[in-house]
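Written below as structure tokens is the structure these notes are about.
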Amino acid sequence: MLVLYLALRNWRTALVSFAAIPLSLLSAALILDHFGFSLNTLSLGGLAIALGEVVDDAVVGVENIHRRLRENRGLAQPRPVYEVMLRATLEVRKAVIFATFSVVIVFLPILRLTGVAGRLFGPLALAYMFAILSSLAVALTVTPALAMLLLGHRSLDPADPPLVARAKRGYSRLLGSVHRRTGPVLALVGVIVVAGLASVPLLRTSFLPRFNENDLIVHFLTAPGTSLATTMRIGERAVAIMQRMPEVAHVVMHAGRAHLSNGNALTNKAEIDVGLSAKGNADSADAERRILESVRGAPGVRWWANTFLTERIHETLSGVTAPVVVTILGRHLSALNEDARRVADALRQVPGAAGVRVQAPPGTPELSMVLDRGALTRYGFTPAEVLKAIQTCYSGSTVGRVYTAGASVPIVVVLSPALRADPAAIAEVPLVNREGTVVLLGALARIRERSGQSLILHRGAQRVQLVTANVSGSAGQFVARARRRLAHLSLASGDYLRIGGTAAASGQARLQLALDFGLALAAILGLLVIALHDGRTVALLAVNLPFALVGGVAAIWIAGLPVSLGAAVGFVTVFGITLRNAIMLLSHYRSLVTEDGLPWSWETARLGAMNRLTPILMTASVTALGLLPLAIGAHLPGQEIEGPMAIVILGGLFSSTALTLLVLPTLALRFARFQAAEPWNDATAQSAAS
């Protein structure tokens, strides 16, 4: 409201413009509620992003009405107020409609995102689209009516507000300087755009940013076959170290698995839940680094850590808690194991690899018991009897129950823990046949220790092996390097591999977003060619779009952020805002020539830019104010997705606003062609009104 008042310096005009914000946002909220969507951080983020464009529809109309009324009051024979307001509204109506629907089309690719990305950004895109469509309806109905009530018969100051007047004087001098030095300015802009585009491949990429949660899950993995007791000793030592750290509030370790658990955790893997203290929460990434540095050191033990939500997203996308998953498919288990070993060795050589492991590794010690059919016949045993005895030794058999005080307690026969832990003891277990003869189990079966596999994985009725890797640094760059290294790896005949996980999902989502955005942009430009009948103007709109990219890329470099999916959505948003501003400016040029009868010259180009200065700056200012809290709090829990998006939009707003106001008028003067049409008259007004 303050920005609107300072820019317009008329409380009535500011109030008419401001009324569009609550009306549009409340309408969008009602539409979201009607379709079953909730107001959450992402849908509210969509409303925050739309804030500037919501007010822009009203500002464009009100500012044009205000300007036309002031001009009309200065005429020797003023026209009727209703006619002036109608003309002012119709002047911008077509441009506002085209600009709004163009932005809606730009956002359609976000709705096509699938999986986790679609669930995260779908509500944001819908809230944004509903808000700007609502603002269009408000701008075409409520805004002119309020303007008629509050401005129609009031005296208006013919001069611009002081703040706007100073801004226009400075802008006029700057625009003149650019016009006089067109060649060097365009060359400099070209260099900046090319440099920005060239730096994009160097940016770090990630599917989602690091979540600033208060809890970490620290994992460690030892050699296959490590006993549970040894795993517990390693974990207890790590827990003792963590409990002494000021970054840690509490620690809980999980090792092994419960009797009725649906997990398949092996005895050589454990995880430690770490709750961070206030000091740890101040910089969770540094706390994670210090925790891992403090527990590492034991030979043969691999350590890695993730936040809880990050692990759940990894698990949702690939079934395992790692960002990079290489799936090897084949028929023969031994060949799969060998291929998995070679893939794991190759991944460990890729820079940024951390915690590379085979999900179902061979080499687990196991006890093999092969029944001797001849001995069974000779001593009078059936295979089922012997197998039942082996099961009793290790798993136990219930032979009765004791009922006491209303409770039922089973009586279980099982070998003692010491004998179960001794591989040689099983051979000494006595069995009794039907004649009462006692025979040792070792006489009925060949018992030996060997290396086996405790877990065999399947996907789609086919055997697979999984090699997972955690990543330190850019996951996208890691996947690209891993693809190049694995492309030269020879696998067993009939085996093949696929790379998946959140890192691969990130690349697929960005590629899908880029392709859909390209199609949407082509559709928009095609529609504008049909509507405007002017290919030059549409070409100028397309040339203006890279202006938005430069500021967003610069903002990412300055903030040191990776290009996450939220940042990609930010680029889409900035493209929409830039397209809208360019459409409004070029449409105003057309209006000045075709309706006001001005010749297409530098003076007309300067006048049109000066007229559009206030709405463009107000849109940028209001959008920036709406996004500033998200950008400042990008490091806070809950804003990890929208924070980078807001930073990209703010950077893109800066570059696109500056270059649209300074460079586009010069480009339009050189390449656009506008022709005068019949001037506005009473017949035209009556036709438009009807």
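To be explicit about the labels: the chains of the structure tokens are called A, B, and onward in the order shown, and within each one the residues are counted from 1, while ligands get numbers from 1 in the order they are shown.
By only C-alpha atoms, and with residues fewer than 3 positions from Thr657 in chain A along its chain excluded, the set lying at most 8 Å from it is Thr578, Ile616, Leu617, Ala620, Leu653, Phe654, Thr660 and Leu661 of chain A.
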Mind checking which residues fall within 9 Å of Ala344 in chain A, counting only C-alpha atoms, ignoring those fewer than 2 positions away in the same chain, and posting them as a PDB file with C-alpha atoms, in the first residue's frame?
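So the final result, stored in around.pdb, reads:
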```pdb
ATOM      1  CA  ASP A 339      29.043 -56.626 -12.094  1.00  0.00           C
ATOM      2  CA  ALA A 340      27.888 -54.893  -8.900  1.00  0.00           C
ATOM      3  CA  ARG A 341      31.414 -55.060  -7.495  1.00  0.00           C
ATOM      4  CA  ARG A 342      32.843 -53.471 -10.655  1.00  0.00           C
ATOM      5  CA  ALA A 346      33.929 -47.419 -10.623  1.00  0.00           C
ATOM      6  CA  LEU A 347      31.610 -45.147  -8.617  1.00  0.00           C
ATOM      7  CA  ARG A 348      34.167 -44.828  -5.813  1.00  0.00           C
ATOM      8  CA  GLN A 349      36.540 -43.292  -8.357  1.00  0.00           C
ATOM      9  CA  VAL A 356      29.079 -46.308  -2.092  1.00  0.00           C
ATOM     10  CA  ARG A 357      27.753 -49.761  -1.287  1.00  0.00           C
ATOM     11  CA  VAL A 358      26.167 -52.857  -2.775  1.00  0.00           C
ATOM     12  CA  VAL A 467      24.618 -50.130  -6.002  1.00  0.00           C
ATOM     13  CA  THR A 468      23.869 -46.925  -4.107  1.00  0.00           C
ATOM     14  CA  ALA A 469      25.950 -43.818  -3.545  1.00  0.00           C
TER      15      ALA A 469
END
```
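Compared by their closest atoms to Thr316 in chain A, and using only C-alpha atoms, the residues A:Leu108, A:Leu636, A:Gly651, A:Ala117 rank with A:Ala117 nearest.
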request  = Might you pull out every residue within 8 Å of Leu541 in chain A, with only C-alpha atoms counted and same-chain residues fewer than 4 positions away left off, and present them as number ranges by chain?
outcome  = A: 537, 545, 579, 582-583
How about saving the chosen residues, C-alpha atoms kept, as a tab-separated table (two decimals), in the first residue's frame?
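again16.tsv, written as the output of this step:
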```tsv
chain	number	residue	atom	x	y	z
A	537	THR	CA	6.82	-7.49	-32.36
A	545	LEU	CA	13.19	-13.30	-22.51
A	579	LEU	CA	6.96	-11.65	-21.03
A	582	ALA	CA	7.31	-6.71	-22.64
A	583	ILE	CA	3.78	-7.34	-23.95
```
When you look at Leu26 in chain A with a cut-off of 10 Å (counting only C-alpha atoms), what residues show up, excluding the ones that are within fewer than 6 positions of it in the same chain? I need them as a PDB file with C-alpha atoms, in the first residue's frame.
```
ATOM      1  CA  ALA A  20      -7.222  -5.896  -6.357  1.00  0.00           C
ATOM      2  CA  LEU A  32      -8.350 -23.735  -4.227  1.00  0.00           C
ATOM      3  CA  LEU A  47       0.092 -16.449  -3.876  1.00  0.00           C
ATOM      4  CA  ALA A 131      -4.565 -15.631  -8.442  1.00  0.00           C
ATOM      5  CA  SER A 134      -8.814 -13.717 -10.535  1.00  0.00           C
TER       6      SER A 134
END
```
